[in-house]
$ cat input_4.pdb   # PDB, C-alpha atoms, pLDDT in the B column
ATOM      1  CA  MET A   1      10.617  30.490 -48.390  1.00 58.00           C
ATOM      2  CA  GLN A   2      13.166  29.823 -51.135  1.00 68.00           C
ATOM      3  CA  ALA A   3      13.949  26.445 -49.539  1.00 67.00           C
ATOM      4  CA  ASN A   4      10.262  25.504 -49.710  1.00 75.00           C
ATOM      5  CA  ALA A   5      10.051  26.582 -53.338  1.00 80.00           C
ATOM      6  CA  ASN A   6      13.148  24.525 -54.151  1.00 82.00           C
ATOM      7  CA  ALA A   7      11.721  21.494 -52.347  1.00 83.00           C
ATOM      8  CA  ASP A   8       8.429  21.789 -54.235  1.00 84.00           C
ATOM      9  CA  THR A   9      10.236  22.159 -57.547  1.00 87.00           C
ATOM     10  CA  ALA A  10      12.513  19.202 -56.772  1.00 86.00           C
ATOM     11  CA  GLU A  11       9.523  17.036 -55.878  1.00 85.00           C
ATOM     12  CA  ARG A  12       7.612  18.014 -59.014  1.00 89.00           C
ATOM     13  CA  LEU A  13      10.609  17.458 -61.294  1.00 90.00           C
ATOM     14  CA  GLY A  14      11.479  14.182 -59.575  1.00 88.00           C
ATOM     15  CA  ARG A  15       7.975  12.872 -60.219  1.00 88.00           C
ATOM     16  CA  ARG A  16       8.117  14.068 -63.812  1.00 90.00           C
ATOM     17  CA  ARG A  17      11.489  12.362 -64.318  1.00 89.00           C
ATOM     18  CA  ALA A  18      10.117   9.078 -62.970  1.00 88.00           C
ATOM     19  CA  ARG A  19       7.053   9.353 -65.249  1.00 87.00           C
ATOM     20  CA  MET A  20       8.881  10.244 -68.446  1.00 87.00           C
ATOM     21  CA  MET A  21      11.395   7.402 -68.231  1.00 87.00           C
ATOM     22  CA  ILE A  22       8.972   4.654 -69.237  1.00 85.00           C
ATOM     23  CA  PRO A  23       7.896   6.352 -72.517  1.00 88.00           C
ATOM     24  CA  LEU A  24      11.565   7.152 -73.160  1.00 87.00           C
ATOM     25  CA  ALA A  25      12.502   3.505 -72.657  1.00 85.00           C
ATOM     26  CA  PHE A  26       9.642   2.469 -74.959  1.00 86.00           C
ATOM     27  CA  MET A  27      10.902   4.857 -77.636  1.00 85.00           C
ATOM     28  CA  PHE A  28      14.455   3.557 -77.176  1.00 85.00           C
ATOM     29  CA  PHE A  29      13.406  -0.084 -77.532  1.00 82.00           C
ATOM     30  CA  MET A  30      11.262   0.721 -80.593  1.00 83.00           C
ATOM     31  CA  GLN A  31      14.407   2.061 -82.235  1.00 79.00           C
ATOM     32  CA  GLN A  32      16.126  -1.275 -81.549  1.00 78.00           C
ATOM     33  CA  ALA A  33      13.296  -3.110 -83.256  1.00 76.00           C
ATOM     34  CA  ALA A  34      13.682  -0.855 -86.289  1.00 74.00           C
ATOM     35  CA  PHE A  35      17.454  -1.430 -86.311  1.00 73.00           C
ATOM     36  CA  PHE A  36      17.244  -5.217 -86.298  1.00 71.00           C
ATOM     37  CA  SER A  37      14.246  -5.537 -88.623  1.00 73.00           C
ATOM     38  CA  ASN A  38      15.790  -3.211 -91.176  1.00 73.00           C
ATOM     39  CA  PRO A  39      19.602  -3.257 -90.758  1.00 69.00           C
ATOM     40  CA  PRO A  40      21.327   0.005 -91.707  1.00 67.00           C
ATOM     41  CA  ASP A  41      23.380   0.357 -94.877  1.00 70.00           C
ATOM     42  CA  HIS A  42      25.422   3.256 -96.204  1.00 71.00           C
ATOM     43  CA  ARG A  43      22.493   5.362 -97.372  1.00 76.00           C
ATOM     44  CA  VAL A  44      21.982   8.786 -95.801  1.00 77.00           C
ATOM     45  CA  VAL A  45      18.697   7.725 -94.207  1.00 76.00           C
ATOM     46  CA  SER A  46      20.501   4.897 -92.376  1.00 76.00           C
ATOM     47  CA  LEU A  47      23.188   7.237 -91.141  1.00 79.00           C
ATOM     48  CA  VAL A  48      20.552   9.651 -89.857  1.00 82.00           C
ATOM     49  CA  ARG A  49      18.767   6.787 -88.098  1.00 79.00           C
ATOM     50  CA  LEU A  50      22.001   5.582 -86.518  1.00 80.00           C
ATOM     51  CA  GLY A  51      22.836   9.143 -85.505  1.00 85.00           C
ATOM     52  CA  GLY A  52      19.415   9.490 -83.873  1.00 83.00           C
ATOM     53  CA  TRP A  53      19.856   6.259 -81.953  1.00 83.00           C
ATOM     54  CA  THR A  54      23.354   7.259 -80.806  1.00 86.00           C
ATOM     55  CA  ALA A  55      22.150  10.678 -79.686  1.00 88.00           C
ATOM     56  CA  LEU A  56      19.214   9.204 -77.770  1.00 87.00           C
ATOM     57  CA  ALA A  57      21.456   6.601 -76.103  1.00 87.00           C
ATOM     58  CA  LEU A  58      23.907   9.335 -75.080  1.00 90.00           C
ATOM     59  CA  VAL A  59      21.164  11.571 -73.688  1.00 89.00           C
ATOM     60  CA  ILE A  60      19.627   8.678 -71.732  1.00 89.00           C
ATOM     61  CA  LEU A  61      23.009   7.634 -70.375  1.00 90.00           C
ATOM     62  CA  ALA A  62      23.900  11.204 -69.384  1.00 91.00           C
ATOM     63  CA  GLY A  63      20.489  11.649 -67.738  1.00 88.00           C
ATOM     64  CA  LEU A  64      20.831   8.365 -65.872  1.00 88.00           C
ATOM     65  CA  VAL A  65      24.321   9.063 -64.598  1.00 89.00           C
ATOM     66  CA  THR A  66      23.896  12.740 -63.707  1.00 88.00           C
ATOM     67  CA  GLY A  67      20.182  12.952 -62.902  1.00 84.00           C
ATOM     68  CA  GLY A  68      19.423  15.332 -65.763  1.00 83.00           C
ATOM     69  CA  PHE A  69      17.689  18.728 -65.462  1.00 84.00           C
ATOM     70  CA  TRP A  70      21.050  20.403 -66.004  1.00 85.00           C
ATOM     71  CA  MET A  71      19.510  23.859 -66.459  1.00 86.00           C
ATOM     72  CA  LYS A  72      17.822  23.847 -63.047  1.00 86.00           C
ATOM     73  CA  PRO A  73      19.378  25.574 -60.005  1.00 87.00           C
ATOM     74  CA  LYS A  74      22.004  23.625 -58.063  1.00 88.00           C
ATOM     75  CA  ALA A  75      19.885  23.591 -54.885  1.00 86.00           C
ATOM     76  CA  VAL A  76      17.005  21.926 -56.744  1.00 87.00           C
ATOM     77  CA  ARG A  77      19.264  19.355 -58.378  1.00 88.00           C
ATOM     78  CA  GLU A  78      20.864  18.530 -55.023  1.00 86.00           C
ATOM     79  CA  LEU A  79      17.430  17.896 -53.511  1.00 86.00           C
ATOM     80  CA  MET A  80      16.545  15.685 -56.476  1.00 88.00           C
ATOM     81  CA  GLU A  81      19.793  13.784 -56.019  1.00 88.00           C
ATOM     82  CA  ASP A  82      19.080  12.656 -52.476  1.00 88.00           C
ATOM     83  CA  GLU A  83      20.393   9.451 -50.934  1.00 90.00           C
ATOM     84  CA  ILE A  84      17.546   7.254 -52.068  1.00 90.00           C
ATOM     85  CA  THR A  85      17.784   8.500 -55.653  1.00 92.00           C
ATOM     86  CA  ARG A  86      21.508   7.755 -55.661  1.00 92.00           C
ATOM     87  CA  ALA A  87      20.807   4.299 -54.241  1.00 92.00           C
ATOM     88  CA  HIS A  88      18.203   3.690 -56.959  1.00 93.00           C
ATOM     89  CA  ARG A  89      20.644   4.842 -59.629  1.00 94.00           C
ATOM     90  CA  ALA A  90      23.344   2.527 -58.299  1.00 95.00           C
ATOM     91  CA  GLN A  91      20.923  -0.420 -58.415  1.00 95.00           C
ATOM     92  CA  ALA A  92      19.756   0.516 -61.908  1.00 95.00           C
ATOM     93  CA  LEU A  93      23.265   0.960 -63.326  1.00 95.00           C
ATOM     94  CA  SER A  94      24.357  -2.263 -61.695  1.00 97.00           C
ATOM     95  CA  LEU A  95      21.524  -4.145 -63.412  1.00 97.00           C
ATOM     96  CA  GLY A  96      22.310  -2.398 -66.700  1.00 95.00           C
ATOM     97  CA  PHE A  97      25.967  -3.394 -66.462  1.00 96.00           C
ATOM     98  CA  ALA A  98      25.103  -7.013 -65.644  1.00 98.00           C
ATOM     99  CA  LEU A  99      22.610  -7.280 -68.525  1.00 97.00           C
ATOM    100  CA  SER A 100      25.041  -5.668 -70.929  1.00 96.00           C
ATOM    101  CA  MET A 101      27.727  -8.193 -69.968  1.00 97.00           C
ATOM    102  CA  LEU A 102      25.279 -11.111 -70.189  1.00 97.00           C
ATOM    103  CA  THR A 103      24.199  -9.950 -73.638  1.00 96.00           C
ATOM    104  CA  GLY A 104      27.856  -9.800 -74.648  1.00 96.00           C
ATOM    105  CA  ILE A 105      28.498 -13.315 -73.369  1.00 96.00           C
ATOM    106  CA  ALA A 106      25.363 -14.695 -75.046  1.00 96.00           C
ATOM    107  CA  LEU A 107      26.256 -13.089 -78.386  1.00 95.00           C
ATOM    108  CA  PHE A 108      29.867 -14.247 -78.080  1.00 94.00           C
ATOM    109  CA  VAL A 109      28.599 -17.825 -77.881  1.00 95.00           C
ATOM    110  CA  LEU A 110      25.942 -17.266 -80.555  1.00 95.00           C
ATOM    111  CA  GLN A 111      28.397 -15.844 -83.108  1.00 92.00           C
ATOM    112  CA  VAL A 112      30.031 -19.271 -83.302  1.00 92.00           C
ATOM    113  CA  PHE A 113      26.847 -20.486 -85.027  1.00 93.00           C
ATOM    114  CA  VAL A 114      25.469 -17.301 -86.576  1.00 91.00           C
ATOM    115  CA  PRO A 115      27.832 -14.759 -88.140  1.00 89.00           C
ATOM    116  CA  MET A 116      27.303 -11.259 -86.764  1.00 88.00           C
ATOM    117  CA  ASP A 117      28.629  -7.778 -87.397  1.00 87.00           C
ATOM    118  CA  ALA A 118      30.500  -6.094 -84.571  1.00 88.00           C
ATOM    119  CA  SER A 119      28.059  -3.166 -84.891  1.00 83.00           C
ATOM    120  CA  GLU A 120      25.095  -5.477 -84.214  1.00 85.00           C
ATOM    121  CA  VAL A 121      26.767  -6.912 -81.116  1.00 90.00           C
ATOM    122  CA  ILE A 122      27.699  -3.472 -79.772  1.00 90.00           C
ATOM    123  CA  HIS A 123      24.196  -2.212 -80.517  1.00 87.00           C
ATOM    124  CA  ALA A 124      22.587  -5.099 -78.634  1.00 90.00           C
ATOM    125  CA  MET A 125      24.912  -4.725 -75.632  1.00 93.00           C
ATOM    126  CA  LEU A 126      24.337  -0.975 -75.406  1.00 91.00           C
ATOM    127  CA  SER A 127      20.588  -1.385 -75.795  1.00 89.00           C
ATOM    128  CA  ALA A 128      20.371  -4.016 -73.069  1.00 92.00           C
ATOM    129  CA  GLY A 129      22.527  -2.016 -70.665  1.00 93.00           C
ATOM    130  CA  VAL A 130      21.043   1.429 -71.159  1.00 92.00           C
ATOM    131  CA  GLY A 131      17.459   0.199 -71.562  1.00 91.00           C
ATOM    132  CA  ALA A 132      17.476  -2.041 -68.494  1.00 93.00           C
ATOM    133  CA  ALA A 133      19.052   0.656 -66.322  1.00 94.00           C
ATOM    134  CA  LEU A 134      16.474   3.188 -67.496  1.00 93.00           C
ATOM    135  CA  VAL A 135      13.499   0.912 -66.832  1.00 93.00           C
ATOM    136  CA  ARG A 136      14.834  -0.195 -63.442  1.00 94.00           C
ATOM    137  CA  PHE A 137      15.506   3.374 -62.299  1.00 93.00           C
ATOM    138  CA  SER A 138      12.031   4.429 -63.372  1.00 92.00           C
ATOM    139  CA  ILE A 139      10.349   1.523 -61.561  1.00 92.00           C
ATOM    140  CA  LEU A 140      12.256   2.183 -58.325  1.00 93.00           C
ATOM    141  CA  GLU A 141      11.543   5.913 -58.386  1.00 91.00           C
ATOM    142  CA  ARG A 142       7.864   5.489 -59.242  1.00 91.00           C
ATOM    143  CA  ARG A 143       7.492   2.968 -56.435  1.00 90.00           C
ATOM    144  CA  VAL A 144       8.645   5.441 -53.778  1.00 88.00           C
ATOM    145  CA  TYR A 145       6.561   8.291 -55.205  1.00 86.00           C
ATOM    146  CA  LYS A 146       3.498   6.051 -54.938  1.00 85.00           C
ATOM    147  CA  LEU A 147       4.021   5.968 -51.154  1.00 79.00           C
ATOM    148  CA  GLY A 148       2.669   9.475 -51.064  1.00 72.00           C
TER     149      GLY A 148
ATOM    150  CA  MET B   1      12.944  -0.273 -37.335  1.00 79.00           C
ATOM    151  CA  ASN B   2      12.524   3.449 -36.772  1.00 88.00           C
ATOM    152  CA  ARG B   3      10.395   5.906 -34.832  1.00 92.00           C
ATOM    153  CA  VAL B   4      10.847   8.858 -37.166  1.00 94.00           C
ATOM    154  CA  ARG B   5       7.145   9.291 -37.935  1.00 95.00           C
ATOM    155  CA  GLU B   6       6.218   9.091 -34.277  1.00 94.00           C
ATOM    156  CA  ALA B   7       8.898  11.617 -33.274  1.00 94.00           C
ATOM    157  CA  ARG B   8       7.967  13.952 -36.129  1.00 95.00           C
ATOM    158  CA  GLU B   9       4.278  13.887 -35.255  1.00 95.00           C
ATOM    159  CA  ALA B  10       5.141  14.488 -31.582  1.00 94.00           C
ATOM    160  CA  GLN B  11       6.950  17.653 -32.704  1.00 92.00           C
ATOM    161  CA  GLY B  12       3.949  18.675 -34.811  1.00 94.00           C
ATOM    162  CA  LEU B  13       5.986  18.738 -38.008  1.00 94.00           C
ATOM    163  CA  THR B  14       4.929  17.807 -41.512  1.00 93.00           C
ATOM    164  CA  GLN B  15       7.209  15.653 -43.673  1.00 93.00           C
ATOM    165  CA  ALA B  16       8.030  18.727 -45.749  1.00 90.00           C
ATOM    166  CA  GLU B  17       8.990  20.751 -42.659  1.00 92.00           C
ATOM    167  CA  LEU B  18      11.220  17.984 -41.350  1.00 94.00           C
ATOM    168  CA  ALA B  19      12.773  17.574 -44.802  1.00 92.00           C
ATOM    169  CA  ASP B  20      13.506  21.302 -44.842  1.00 90.00           C
ATOM    170  CA  ARG B  21      15.144  21.157 -41.398  1.00 92.00           C
ATOM    171  CA  VAL B  22      17.303  18.192 -42.355  1.00 92.00           C
ATOM    172  CA  GLY B  23      18.102  19.468 -45.845  1.00 89.00           C
ATOM    173  CA  VAL B  24      16.761  16.468 -47.728  1.00 90.00           C
ATOM    174  CA  SER B  25      13.758  15.890 -49.985  1.00 88.00           C
ATOM    175  CA  ARG B  26      10.331  14.952 -48.649  1.00 90.00           C
ATOM    176  CA  LYS B  27      10.757  11.701 -50.564  1.00 90.00           C
ATOM    177  CA  THR B  28      13.662  10.784 -48.280  1.00 91.00           C
ATOM    178  CA  ILE B  29      11.601  11.405 -45.135  1.00 93.00           C
ATOM    179  CA  ASN B  30       8.660   9.476 -46.557  1.00 92.00           C
ATOM    180  CA  THR B  31      10.758   6.455 -47.525  1.00 92.00           C
ATOM    181  CA  VAL B  32      12.574   6.418 -44.178  1.00 94.00           C
ATOM    182  CA  GLU B  33       9.269   6.575 -42.268  1.00 94.00           C
ATOM    183  CA  ASN B  34       7.853   3.742 -44.361  1.00 91.00           C
ATOM    184  CA  ALA B  35      11.008   1.693 -43.810  1.00 89.00           C
ATOM    185  CA  VAL B  36      11.580   1.487 -47.561  1.00 88.00           C
ATOM    186  CA  PHE B  37      14.978   3.116 -47.197  1.00 89.00           C
ATOM    187  CA  VAL B  38      17.621   2.937 -44.468  1.00 90.00           C
ATOM    188  CA  PRO B  39      19.387   6.312 -44.343  1.00 93.00           C
ATOM    189  CA  SER B  40      23.125   6.860 -44.001  1.00 93.00           C
ATOM    190  CA  THR B  41      24.636   7.674 -40.614  1.00 94.00           C
ATOM    191  CA  VAL B  42      24.865  11.344 -41.598  1.00 94.00           C
ATOM    192  CA  ILE B  43      21.150  11.598 -42.413  1.00 94.00           C
ATOM    193  CA  ALA B  44      20.252   9.580 -39.296  1.00 94.00           C
ATOM    194  CA  LEU B  45      22.228  12.001 -37.126  1.00 95.00           C
ATOM    195  CA  LYS B  46      20.673  15.004 -38.849  1.00 95.00           C
ATOM    196  CA  LEU B  47      17.199  13.522 -38.295  1.00 95.00           C
ATOM    197  CA  ALA B  48      18.013  12.937 -34.629  1.00 95.00           C
ATOM    198  CA  ARG B  49      19.179  16.509 -34.235  1.00 95.00           C
ATOM    199  CA  ALA B  50      16.147  17.940 -36.025  1.00 95.00           C
ATOM    200  CA  LEU B  51      13.763  15.831 -33.935  1.00 95.00           C
ATOM    201  CA  GLU B  52      15.703  16.437 -30.696  1.00 94.00           C
ATOM    202  CA  GLU B  53      15.974  12.735 -30.012  1.00 92.00           C
ATOM    203  CA  PRO B  54      19.022  10.497 -29.504  1.00 93.00           C
ATOM    204  CA  VAL B  55      19.702   8.633 -32.718  1.00 93.00           C
ATOM    205  CA  GLU B  56      19.442   5.255 -30.977  1.00 92.00           C
ATOM    206  CA  ARG B  57      15.871   6.092 -29.963  1.00 91.00           C
ATOM    207  CA  LEU B  58      14.943   6.895 -33.548  1.00 93.00           C
ATOM    208  CA  PHE B  59      16.576   3.853 -35.100  1.00 92.00           C
ATOM    209  CA  SER B  60      16.973   0.348 -33.763  1.00 89.00           C
ATOM    210  CA  LEU B  61      17.763  -3.114 -35.045  1.00 86.00           C
ATOM    211  CA  ALA B  62      14.815  -5.398 -35.795  1.00 77.00           C
ATOM    212  CA  GLY B  63      13.872  -7.456 -32.743  1.00 74.00           C
ATOM    213  CA  GLU B  64      15.295  -5.009 -30.202  1.00 68.00           C
TER     214      GLU B  64
END
$ encode --input "input_4.pdb" --output "structure tokens"
Amino acid sequence: MQANANADTAERLGRRRARMMIPLAFMFFMQQAAFFSNPPDHRVVSLVRLGGWTALALVILAGLVTGGFWMKPKAVRELMEDEITRAHRAQALSLGFALSMLTGIALFVLQVFVPMDASEVIHAMLSAGVGAALVRFSILERRVYKLG
Amino acid sequence: MNRVREAREAQGLTQAELADRVGVSRKTINTVENAVFVPSTVIALKLARALEEPVERLFSLAGE
């Protein structure tokens, strides 16, 4: 009985996780747009904005790497972290790593022609890596849930 | 190539019941049956045990 309840909960939460990742990615990328269109300075509002972005990036990264739902029972989290989910995560993180490195290489070349702050480069690399991994993981998970 | 769906239906089990027996999520069973995901040896052996079939009857290489 408890096993069935755990399986139902894991399925429901897994679907919810797959659904909520796209809006989360959208929100994350919107923050990037705000960062580059209005670069931060040393005012308090800029520090708050940077703090918000850092916190969101950390939460997304932690959720991606661990699966999230840390307050749920271990049995439920184990069911949510099945083989296919781990395979999807590995694919997503691999893409995120590759895009982050490519962004770094592209900006390394670009900075020869256009001067850039280190913070802008780090920001772009983190955004590409975390954002791409998040979107990829969401797409892969949603695809299997659509099977039925 | 796999015969998991066929073997499960022959046993009269739902995906959820088989998932419960194997200790995986229904998503895993569904993706294995639809050949979207190739399970590890451990899961393949657990599926074979739960479905009372030799593992080589449940899974085979394409073209065999």
$ closest_atom_pairs --input "input_4.pdb" --of "chain B" --to "chain A" --cutoff "9 Å" --atoms "only C-alpha atoms" --output "CSV"
residue,atom,partner,partner_atom,distance
B:Ala16,CA,A:Ala7,CA,8.1
B:Glu17,CA,A:Asn4,CA,8.6
B:Ala19,CA,A:Ala7,CA,8.6
B:Asp20,CA,A:Ala3,CA,7.0
B:Gly23,CA,A:Leu79,CA,7.9
B:Val24,CA,A:Leu79,CA,6.0
B:Ser25,CA,A:Leu79,CA,5.5
B:Arg26,CA,A:Glu11,CA,7.6
B:Lys27,CA,A:Tyr145,CA,7.1
B:Thr28,CA,A:Ile84,CA,6.5
B:Asn30,CA,A:Leu147,CA,7.4
B:Thr31,CA,A:Val144,CA,6.7
B:Asn34,CA,A:Leu147,CA,8.1
B:Val36,CA,A:Val144,CA,7.9
B:Phe37,CA,A:Ile84,CA,6.9
B:Val38,CA,A:Ile84,CA,8.7
B:Pro39,CA,A:Glu83,CA,7.4
B:Ser40,CA,A:Glu83,CA,7.9
B:Ile43,CA,A:Glu83,CA,8.8
$ write_last_selection --input "input_4.pdb" --atoms "C-alpha atoms" --output "compact mmCIF listing (two decimals), keeping the file's coordinate frame"
# COMPACT_ATOMS: atom_id res chain seq x y z
CA ALA B 16 8.03 18.73 -45.75
CA GLU B 17 8.99 20.75 -42.66
CA ALA B 19 12.77 17.57 -44.80
CA ASP B 20 13.51 21.30 -44.84
CA GLY B 23 18.10 19.47 -45.84
CA VAL B 24 16.76 16.47 -47.73
CA SER B 25 13.76 15.89 -49.98
CA ARG B 26 10.33 14.95 -48.65
CA LYS B 27 10.76 11.70 -50.56
CA THR B 28 13.66 10.78 -48.28
CA ASN B 30 8.66 9.48 -46.56
CA THR B 31 10.76 6.46 -47.52
CA ASN B 34 7.85 3.74 -44.36
CA VAL B 36 11.58 1.49 -47.56
CA PHE B 37 14.98 3.12 -47.20
CA VAL B 38 17.62 2.94 -44.47
CA PRO B 39 19.39 6.31 -44.34
CA SER B 40 23.12 6.86 -44.00
CA ILE B 43 21.15 11.60 -42.41
$ closest_residue --input "input_4.pdb" --among "A:Ala5, A:Val44, A:Ile22, A:Ala92" --to "Arg142 of chain A" --atoms "all atoms listed in the file"
A:Ile22
$ atom_distance --input "input_4.pdb" --atom1 "atom CA of Leu93 of chain A" --atom2 "atom CA of Ala133 of chain A"
5.2 Å
$ resolve_selection --input "input_4.pdb" --expression "the PyMOL selection byres ((chain A and resi 129) around 12)" --output "JSON, numbers by chain"
{"A": [25, 28, 29, 57, 60, 61, 64, 92, 93, 94, 95, 96, 97, 98, 99, 100, 101, 102, 103, 104, 122, 123, 124, 125, 126, 127, 128, 130, 131, 132, 133, 134, 135, 136]}
$ write_last_selection --input "input_4.pdb" --atoms "C-alpha atoms" --output "PDB file, in the coordinates of the input"
ATOM      1  CA  ALA A  25      12.502   3.505 -72.657  1.00 85.00           C
ATOM      2  CA  PHE A  28      14.455   3.557 -77.176  1.00 85.00           C
ATOM      3  CA  PHE A  29      13.406  -0.084 -77.532  1.00 82.00           C
ATOM      4  CA  ALA A  57      21.456   6.601 -76.103  1.00 87.00           C
ATOM      5  CA  ILE A  60      19.627   8.678 -71.732  1.00 89.00           C
ATOM      6  CA  LEU A  61      23.009   7.634 -70.375  1.00 90.00           C
ATOM      7  CA  LEU A  64      20.831   8.365 -65.872  1.00 88.00           C
ATOM      8  CA  ALA A  92      19.756   0.516 -61.908  1.00 95.00           C
ATOM      9  CA  LEU A  93      23.265   0.960 -63.326  1.00 95.00           C
ATOM     10  CA  SER A  94      24.357  -2.263 -61.695  1.00 97.00           C
ATOM     11  CA  LEU A  95      21.524  -4.145 -63.412  1.00 97.00           C
ATOM     12  CA  GLY A  96      22.310  -2.398 -66.700  1.00 95.00           C
ATOM     13  CA  PHE A  97      25.967  -3.394 -66.462  1.00 96.00           C
ATOM     14  CA  ALA A  98      25.103  -7.013 -65.644  1.00 98.00           C
ATOM     15  CA  LEU A  99      22.610  -7.280 -68.525  1.00 97.00           C
ATOM     16  CA  SER A 100      25.041  -5.668 -70.929  1.00 96.00           C
ATOM     17  CA  MET A 101      27.727  -8.193 -69.968  1.00 97.00           C
ATOM     18  CA  LEU A 102      25.279 -11.111 -70.189  1.00 97.00           C
ATOM     19  CA  THR A 103      24.199  -9.950 -73.638  1.00 96.00           C
ATOM     20  CA  GLY A 104      27.856  -9.800 -74.648  1.00 96.00           C
ATOM     21  CA  ILE A 122      27.699  -3.472 -79.772  1.00 90.00           C
ATOM     22  CA  HIS A 123      24.196  -2.212 -80.517  1.00 87.00           C
ATOM     23  CA  ALA A 124      22.587  -5.099 -78.634  1.00 90.00           C
ATOM     24  CA  MET A 125      24.912  -4.725 -75.632  1.00 93.00           C
ATOM     25  CA  LEU A 126      24.337  -0.975 -75.406  1.00 91.00           C
ATOM     26  CA  SER A 127      20.588  -1.385 -75.795  1.00 89.00           C
ATOM     27  CA  ALA A 128      20.371  -4.016 -73.069  1.00 92.00           C
ATOM     28  CA  VAL A 130      21.043   1.429 -71.159  1.00 92.00           C
ATOM     29  CA  GLY A 131      17.459   0.199 -71.562  1.00 91.00           C
ATOM     30  CA  ALA A 132      17.476  -2.041 -68.494  1.00 93.00           C
ATOM     31  CA  ALA A 133      19.052   0.656 -66.322  1.00 94.00           C
ATOM     32  CA  LEU A 134      16.474   3.188 -67.496  1.00 93.00           C
ATOM     33  CA  VAL A 135      13.499   0.912 -66.832  1.00 93.00           C
ATOM     34  CA  ARG A 136      14.834  -0.195 -63.442  1.00 94.00           C
TER      35      ARG A 136
END
$ axis_aligned_box --input "input_4.pdb" --around "segment 73-91 of chain A" --padding-each-side "8 Å" --output "lines of an AutoDock Vina configuration file"
center_x = 19.9
center_y = 12.6
center_z = -55.5
size_x = 22.8
size_y = 42.0
size_z = 25.1
$ atom_distance --input "input_4.pdb" --atom1 "atom CA of Ile139 of chain A" --atom2 "atom CA of Arg8 of chain B"
28.4 Å
$ atom_distance --input "input_4.pdb" --atom1 "atom CA of Pro23 of chain A" --atom2 "atom CA of Val45 of chain A"
24.3 Å
$ residues_around --input "input_4.pdb" --residues "Asn2 of chain B" --least-positions-apart "5" --cutoff "8 Å" --atoms "only C-alpha atoms" --output "PyMOL selection string"
chain B and resi 32-33+35+58-60
$ residues_near_point --input "input_4.pdb" --point "(27.6, -4.7, -92.2)" --cutoff "12 Å" --atoms "all atoms listed in the file" --output "number ranges by chain"
A: 36, 38-42, 46, 115-121
$ write_last_selection --input "input_4.pdb" --atoms "C-alpha atoms" --output "PDB file, keeping the file's coordinate frame"
ATOM      1  CA  PHE A  36      17.244  -5.217 -86.298  1.00 71.00           C
ATOM      2  CA  ASN A  38      15.790  -3.211 -91.176  1.00 73.00           C
ATOM      3  CA  PRO A  39      19.602  -3.257 -90.758  1.00 69.00           C
ATOM      4  CA  PRO A  40      21.327   0.005 -91.707  1.00 67.00           C
ATOM      5  CA  ASP A  41      23.380   0.357 -94.877  1.00 70.00           C
ATOM      6  CA  HIS A  42      25.422   3.256 -96.204  1.00 71.00           C
ATOM      7  CA  SER A  46      20.501   4.897 -92.376  1.00 76.00           C
ATOM      8  CA  PRO A 115      27.832 -14.759 -88.140  1.00 89.00           C
ATOM      9  CA  MET A 116      27.303 -11.259 -86.764  1.00 88.00           C
ATOM     10  CA  ASP A 117      28.629  -7.778 -87.397  1.00 87.00           C
ATOM     11  CA  ALA A 118      30.500  -6.094 -84.571  1.00 88.00           C
ATOM     12  CA  SER A 119      28.059  -3.166 -84.891  1.00 83.00           C
ATOM     13  CA  GLU A 120      25.095  -5.477 -84.214  1.00 85.00           C
ATOM     14  CA  VAL A 121      26.767  -6.912 -81.116  1.00 90.00           C
TER      15      VAL A 121
END
